[in-house]
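Chemist: Before I ask anything, here is the structure I am working with.
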Amino acid sequence: MMNAPYLLAQQTKPNIIIFISDDQSQMDVGCYGNRDVHTPNMDRLANEGIRFTSAYAATPMCAPSRSNMFTGLYPFRNGSQMNHFALQPNTKTLPDYLKKLGYRVVIAGKVDVYPQPDFEHIGEYFGKYFPVSNRDDPQHISSQFIKYNFKKEGEQPICLIVSTWLPHVPWLNNEDFDPKKLTLPKYLVDTEATREALAAYYQSISAADNLLGELMHALDDTGQQDNTVFMFFSDQGPQFPSAKWTTYKQGLNIPFVVRWPERIKKGAVSDALISLTDLTPTLIDLAGGEAVSELDGNSFKDVLLGNKEEHREYAFAETSVEPHFWYNYVPSRTIITKEGFHYIKNYFPGVRFITHIDKVEQDHFYFDSWIEKAMKDEATKSLLHRYSYRPPEELYDINSDTWELNNLVKQPDHAQKLKELQQILEDELQKQGESESMILHGSLPTFFDRSYQVEQNLSVSNQSFDRTKWNPDTLYISAYIDGLEQNGVLCDYFGRFHLFAQNNKIGINLKNGQKLESKTLDETKGHLLLRLTQAGKLTLKYNDKEVLTSEFKEDYTKIQPGYFSCGLVRDRILPNGEVNVFKGKIYDMRVSINNLQRSPKPH
């Protein structure tokens, strides 16, 4: 029989500290076998806890990955598929669950989830992209928080998440590594520029490791190590070709280490397949909560405690790339099995793949050296082509092909395995509710010559537009509405204004708080037409009758950072309990630029 003190300890909710590095592959940590990088604190945490070898992100991009980990829902289900996309309205996040279980839920540094969950946010200054010198929390906000809040037992339990930009680009200047002596991973082209970039990346990892060490020492000083679950992981792989942004292993396979003295065996290594989708369910379980059935993830607490050796049969992941590149939408969906098979389906195999790495903000400009070397080196040409163009399907055995350079799709002895994984992916997408036609369309507008159309419950980012073309002098928004008696948002125009239905009225809310409403309308079905000039003249018609006019002092026609959303507001919570989702039907919501190209007719 267990003694009484142990039973009391079992009943105490543990404190939780989570350290999240940014853009760091599993292979870039010392305890995972990298002999070049300097990660003594990450290695110490692994020696004192459990290290997972088969931990995967559900998407290889910052905001979607963080949205996934803090909701327990796959990107399609939570709404954050393309980078920087907001969650679907009313989506529950980690603070919603843990606060009900009595926790104080705090995040220090980077959040990158929209709208921001109900975290207590500290250290906001080092959660900003610039300046890079702030990324290691030089004001020591996070370690000071531990020092002053983790001292006493019996008080409110705390979940503290410390989220740094390190080692995200731009990388720090290399000071400690000799680029010529580094062992280059085989998915990278060996050039002097690549080696210099890798050294700078490793320098940034060292800075992240130093910050982790500061947190560990702060906790040591409080004497609360035994009552604290300490986690370290990253959100996805590094910004190198065929890593971040992609569903290759280097984009998804992350370090994941957990320490909980007296509960987790020291120096344990687990091959259990886990996903960042499982993080929120696991934290709920550690906090003493019941499993939440509607989540996509499941708790792996039993693996942590040594009660189970396995967790998932397979991990699902996806990429929908970034809204910056609406002309280059190249989605893929993938399945990784616990046996180590990796199946990837690419939906636009003929379209060139473009990311920050080679187009927007090249870091260290090493990609130019790849292009130059490819002109005379076949191996480089092959790696460059692998990054830029994808076949329709890919299959890898990552047990024997770590760098995924041998596609097994056409090999007869893997035909059955390919068929099995195709079916698993098909079933998983069906379970999530995402069809192939949805994937092919993506979170993008349907563009016409001088207009674009957005389907109900979809949002399109300002980054998906060439603003030299789509910023109008006169703005037209037209749609057919069925169910005007249903209160809610009809459309949101990049946060500048939104149209709404309320009590059989149509209205407009401006970003400055000004609100205008029509009189009560008799017809609950009809055609809506808004005309708004850059001079501020508004005309709103319903079934060809003028129901609202006004003159504004500001130009509301131009695109700004945010979303055009049909049937909802995407990236913010409306005040005064206003309904931010329309429950009726919206047909053919179209934005036209400068002139209305067709006569508005009822649907």
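Residues in the structure tokens are named by chain (A, B, ... in the order shown) and by number from 1 within that chain; ligands are numbered from 1 in the order shown.
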Segment 32-44 of chain A: which residues within 7 Å, counting only C-alpha atoms, same-chain residues fewer than 5 positions away excluded, as a ChimeraX atom specification?
Modeler: /A:26-27,182,202,206,209,212-213
Chemist: Deliver the residues from the most recent selection as a file, using all heavy atoms, as a PDB file, in the first residue's frame.
Modeler:
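Result went into again01.pdb, see below:
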```pdb
ATOM      1  N   GLN A  26      14.565  18.060 -34.932  1.00  0.00           N
ATOM      2  CA  GLN A  26      15.027  17.114 -33.930  1.00  0.00           C
ATOM      3  C   GLN A  26      16.513  16.797 -34.104  1.00  0.00           C
ATOM      4  O   GLN A  26      17.248  16.631 -33.128  1.00  0.00           O
ATOM      5  CB  GLN A  26      14.209  15.827 -34.018  1.00  0.00           C
ATOM      6  CG  GLN A  26      14.555  14.803 -32.971  1.00  0.00           C
ATOM      7  CD  GLN A  26      13.747  13.532 -33.093  1.00  0.00           C
ATOM      8  OE1 GLN A  26      14.263  12.491 -33.467  1.00  0.00           O
ATOM      9  NE2 GLN A  26      12.458  13.600 -32.774  1.00  0.00           N
ATOM     10  N   MET A  27      16.954  16.729 -35.345  1.00  0.00           N
ATOM     11  CA  MET A  27      18.343  16.359 -35.611  1.00  0.00           C
ATOM     12  C   MET A  27      19.334  17.441 -35.194  1.00  0.00           C
ATOM     13  O   MET A  27      20.545  17.220 -35.206  1.00  0.00           O
ATOM     14  CB  MET A  27      18.548  16.066 -37.094  1.00  0.00           C
ATOM     15  CG  MET A  27      18.188  17.214 -38.006  1.00  0.00           C
ATOM     16  SD  MET A  27      18.832  17.035 -39.682  1.00  0.00           S
ATOM     17  CE  MET A  27      20.509  17.566 -39.417  1.00  0.00           C
ATOM     18  N   LEU A 182      31.796  21.675 -39.880  1.00  0.00           N
ATOM     19  CA  LEU A 182      30.450  21.148 -39.625  1.00  0.00           C
ATOM     20  C   LEU A 182      30.146  19.966 -40.536  1.00  0.00           C
ATOM     21  O   LEU A 182      30.558  19.924 -41.697  1.00  0.00           O
ATOM     22  CB  LEU A 182      29.401  22.237 -39.843  1.00  0.00           C
ATOM     23  CG  LEU A 182      29.481  23.467 -38.925  1.00  0.00           C
ATOM     24  CD1 LEU A 182      28.392  24.461 -39.295  1.00  0.00           C
ATOM     25  CD2 LEU A 182      29.382  23.069 -37.456  1.00  0.00           C
ATOM     26  N   TYR A 202      23.093  27.277 -35.965  1.00  0.00           N
ATOM     27  CA  TYR A 202      23.561  26.633 -34.733  1.00  0.00           C
ATOM     28  C   TYR A 202      23.831  27.669 -33.639  1.00  0.00           C
ATOM     29  O   TYR A 202      23.591  27.409 -32.452  1.00  0.00           O
ATOM     30  CB  TYR A 202      24.825  25.820 -35.007  1.00  0.00           C
ATOM     31  CG  TYR A 202      24.590  24.495 -35.711  1.00  0.00           C
ATOM     32  CD1 TYR A 202      25.664  23.686 -36.078  1.00  0.00           C
ATOM     33  CD2 TYR A 202      23.309  24.044 -35.993  1.00  0.00           C
ATOM     34  CE1 TYR A 202      25.472  22.476 -36.723  1.00  0.00           C
ATOM     35  CE2 TYR A 202      23.098  22.844 -36.638  1.00  0.00           C
ATOM     36  CZ  TYR A 202      24.186  22.056 -37.010  1.00  0.00           C
ATOM     37  OH  TYR A 202      23.970  20.860 -37.641  1.00  0.00           O
ATOM     38  N   SER A 206      22.168  27.736 -29.910  1.00  0.00           N
ATOM     39  CA  SER A 206      22.909  27.904 -28.661  1.00  0.00           C
ATOM     40  C   SER A 206      22.272  28.981 -27.791  1.00  0.00           C
ATOM     41  O   SER A 206      22.181  28.833 -26.564  1.00  0.00           O
ATOM     42  CB  SER A 206      24.366  28.265 -28.943  1.00  0.00           C
ATOM     43  OG  SER A 206      25.061  27.193 -29.531  1.00  0.00           O
ATOM     44  N   ASP A 209      19.250  27.536 -26.251  1.00  0.00           N
ATOM     45  CA  ASP A 209      19.645  26.623 -25.182  1.00  0.00           C
ATOM     46  C   ASP A 209      20.038  27.391 -23.922  1.00  0.00           C
ATOM     47  O   ASP A 209      19.713  26.967 -22.801  1.00  0.00           O
ATOM     48  CB  ASP A 209      20.811  25.757 -25.662  1.00  0.00           C
ATOM     49  CG  ASP A 209      21.195  24.692 -24.655  1.00  0.00           C
ATOM     50  OD1 ASP A 209      20.486  23.665 -24.594  1.00  0.00           O
ATOM     51  OD2 ASP A 209      22.182  24.906 -23.918  1.00  0.00           O
ATOM     52  N   LEU A 212      16.904  28.408 -22.183  1.00  0.00           N
ATOM     53  CA  LEU A 212      16.339  27.248 -21.486  1.00  0.00           C
ATOM     54  C   LEU A 212      17.096  26.996 -20.189  1.00  0.00           C
ATOM     55  O   LEU A 212      16.481  26.726 -19.143  1.00  0.00           O
ATOM     56  CB  LEU A 212      16.410  26.018 -22.397  1.00  0.00           C
ATOM     57  CG  LEU A 212      16.031  24.672 -21.755  1.00  0.00           C
ATOM     58  CD1 LEU A 212      14.600  24.694 -21.245  1.00  0.00           C
ATOM     59  CD2 LEU A 212      16.232  23.533 -22.741  1.00  0.00           C
ATOM     60  N   GLY A 213      18.439  27.076 -20.236  1.00  0.00           N
ATOM     61  CA  GLY A 213      19.232  26.869 -19.032  1.00  0.00           C
ATOM     62  C   GLY A 213      18.903  27.875 -17.949  1.00  0.00           C
ATOM     63  O   GLY A 213      18.854  27.534 -16.751  1.00  0.00           O
TER      64      GLY A 213
END
```
Chemist: Any idea what's packed within 9 Å of segment 476-486 of chain A, counting only C-alpha atoms, ignoring anything in its chain fewer than 4 positions away? Could you give it as a PyMOL selection string?
Modeler: chain A and resi 490+501-506+521+523-533+582-596+600-603
Chemist: DSSP says strand (DSSP E) for which residues of segment 235-314 of chain A? Put them as a PyMOL selection string?
Modeler: chain A and resi 256-259+268-275+314
Chemist: Can you list, as a list in words, every protein, DNA or RNA residue that comes within 6 Å of Asn174 of chain A when you count only C-alpha atoms, leaving out same-chain residues fewer than 3 positions away?
Modeler: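 Once the adjacent positions are removed, what remains is Ala199, Ala200 and Gln203 of chain A.
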Chemist: Output N, CA, C and O atoms for every residue in the selection just made, as a PDB file, in the first residue's frame.
Modeler:
```pdb
ATOM      1  N   ALA A 199      26.045  27.411 -39.633  1.00  0.00           N
ATOM      2  CA  ALA A 199      26.745  27.870 -38.433  1.00  0.00           C
ATOM      3  C   ALA A 199      25.939  28.956 -37.718  1.00  0.00           C
ATOM      4  O   ALA A 199      25.846  28.970 -36.476  1.00  0.00           O
ATOM      5  N   ALA A 200      25.350  29.865 -38.474  1.00  0.00           N
ATOM      6  CA  ALA A 200      24.522  30.920 -37.874  1.00  0.00           C
ATOM      7  C   ALA A 200      23.269  30.322 -37.225  1.00  0.00           C
ATOM      8  O   ALA A 200      22.838  30.764 -36.150  1.00  0.00           O
ATOM      9  N   GLN A 203      24.335  28.836 -34.020  1.00  0.00           N
ATOM     10  CA  GLN A 203      24.564  29.901 -33.043  1.00  0.00           C
ATOM     11  C   GLN A 203      23.245  30.323 -32.406  1.00  0.00           C
ATOM     12  O   GLN A 203      23.160  30.560 -31.197  1.00  0.00           O
TER      13      GLN A 203
END
```
Chemist: Using only C-alpha atoms for the distances, tell me which of A:Glu578, A:Phe85, A:Tyr343, A:Ala208 is nearest to Phe564 of chain A.
Modeler: A:Phe85
Chemist: Determine which residues of segment 309-447 of chain A DSSP labels as alpha helix (DSSP H) from the backbone of this structure, then write them out as a ChimeraX atom specification.
Modeler: /A:366-374,378-388,415-432,436-441
